[in-house]
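Everything on this sheet refers to the single structure shown next.
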Amino acid sequence: MKQVLYLIFAVSLLTTIPLQAQDSKQAQTLLEQAQKALFSNPKQASYYAAQAAALFPEDEPNETRAQAMILYCQAEQLLGNFDLSIKNLYDTQRYINPANKRQTAQLYSLMGRVYSKLGDYNKGIELNDKATSIFKSLGDSASVAGCYNERGVMHYLLDEFLVAERFLQRALTINRAQRNLKEIATNLNNLCLYQGDTEKKLSFIQEAIAINKNLDAQWSLGENYNNMGKQYYFGEQYSKALEALQKAYEYAHNIGAKELICDYYEYSSWVYAAIGDYDQAYKRLSQMYALSKELQSSNKLRNIEQEISYKRYQDQKYATEMQEQTYKIELLKRNLWLLGSILILGLAFSIFLYKWYKRRKGLQLIEARYQLELSQREISELKLHQQELELQNVQSALDNSQQEVTSFAVFLRSRNELLGKIREMIKEGYRMDNQALVPHLKKVNAFISQYQSGDKTNNTLLLNIEEKNKEFIEKLTKEHPNLTQGEKYLATMLRVNLSTKEISMISGNSPKTINMNRYRLRKALNLPTEKDLVEYLQNF
């Protein structure tokens with residue numbers, strides 16, 4: 001999916017770049033055509049410039065669009081549409097990049113010219129001074145000469161002919177040095193706007209006409225012939241004056257130059273009044289008045305300025321509204337960002353709290369498990385200790401029993417030895433005579449009495465042994481009720497781990513008999529062959 005999006009973006013980028021380049025190329029072609037037709041056909045120049053301006057957006061600065069608008073306004077000014085020109089010049093300001101000082105100066109220069117045409121000479125001079133200052137800072141002497149030329153025309157309109165002459169001569173000097181034929185022709189023409197040395201001024205006009213014919217500058221030729229007619233009038237050559245003025249009218253009428261036609265009416269009225277044709281003079285004067293009123297109405301200028309001011313107010317209002325909307329959008333973005341941050345922080349805090357609670361529960365569970373293990377360990381230790389104590393008690397009881405049994409066995413051995421000795425003593429009595437027999441019997445009797453006194457201790461010992469094995473005998477009898485008394489007696493002695501020899505000594509039976517009795521006891525207890533009899537009895 002990402003690859004498809006990248007491909008679409010690349011295709012759109014590749015398609016828009018050629019379109020923008022094509023628009024710029026087409027605009028440059030139209031601007032060249034407009035510049036070329038500016039003085040030969042202002043209407044055509046206005047059309048080309050308007051077409052070039054339409055190729056670019058209206059809501060962002062663009063130097064090419066600004067240049068097209070300046071050319072359009074210049075063409076409309078040449079056609080005498082001063083109101084349309086000044087309105088569009090104010091609109092052009094938004095398309096000029098503030099860093100482009102040259103275009104800004106061109107705009108000021110043209111605005112000053114139009115204001116002077118509308119009769120606001122102070123505003124025109126102010127704007128002309130701004131343009132001159134900028135061109136001087138840029139080192140553009142040709143444009144400075146153009147400003148001097150416009151300034152000279154303004155002072156001419158104010159009837160300040162000496163000041164006008166000074167500015168026009170300065171412009172002419174610069175243009176001749178740079179061999180700028182078009183501007184030279186313009187300066188020469190403007191030097192002929194007022195009275196002076198007729199022959200010299202007519203030579204200026206002839207030179208200007210020659211240049212403008214070579215350049216095919218129709219508007220400029222109309223102006224040249226108007227000024228030629230004026231100079232012939234000053235020289236009282238009235239027929240030549242009317243002939244020159246007629247040519248001026250033809251040029252002006254062909255291109256629709258209202259300002260030149262207005263000048264034609266004015267200069268013709270002078271000539272007709274001079275030759276006494278007052279009807280024609282009055283007619284031309286009325287025509288001039290009507291057309292000049294259309295061109296230079298003060299109310300019209302005020303209306304234009306009011307429209308411009310209202311438009312500025314609307315633009316400012318729109319800009320303010322846009323700024324308010326932008327502020328609201330930024331405020332909404334900030335609030336959304338703040339809300340999002342709060343939600344994220346809340347979520348992070350919730351996650352942290354959950355993990356902390358989970359960790360705490362985990363620690364509590366680990367602590368509980370640890371305490372349980374400690375308790376179990378203590379219980380195990382206590383059980384082990386108890387088992388050790390029980391084992392010690394059992395071992396102690398077993399040791400006591402074994403000691404008692406051993407003592408009992410020793411006792412039995414000593415009794416058997418005593419019996420054997422008594423038997424020997426009796427055998428000795430068989431060999432004695434009657435005198436010796438009585439003392440010998442007394443000796444035997446004393447020996448037996450001595451044994452009987454020690455037999456009480458032995459009986460106590462036997463009773464103690466029997467008491468301690470009583471519980472074992474009861475369990476054994478309960479589990480194996482068919483056991484004989486001898487088998488129980490043998491089981492008791494085996495339980496205390498007495499050997500066959502010891503049991504034989506205690507019981508007075510032979511070891512063979514004891515082994516036979518052991519076999520019978522195993523059979524009575526139903527023990528398998530691999531099971532140890534002594535271990536079974538000890539664990540009973």
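Lettering and numbering for the structure tokens are positional, with chains as A, B, ... in the shown order, residues counted from 1 in each chain, and ligands counted from 1 in the shown order.
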Checklist entry - Can you tell me, as a ChimeraX atom specification, what residues are no more than 7 Å from segment 51-63 of chain A when counting only C-alpha atoms, ignoring any on the same chain fewer than 2 positions away? => result /A:23,27,30-31,47-49,65-69,94-97
Next on the checklist: Taking 3 positions as the minimum chain separation for residues in the same chain, which residues sit within 12 Å of Ser220 of chain A when counting only C-alpha atoms? Answer as a PyMOL selection string.
Outcome noted: chain A and resi 37-42+78-79+182-190+205+208-217+223-227+248+251-252+255+257+259-260
Item to check | Nearest-residue call for Val153 of chain A, choices A:Ile448, A:Leu193, A:Leu332, A:Ile342, using only C-alpha atoms | outcome: A:Leu193
Item to check | Exercise: Val163 of chain A partners within 10 Å, only C-alpha atoms, chain neighbours under 3 positions left out, as a PyMOL selection string | outcome: chain A and resi 151-156+158-160+166-168
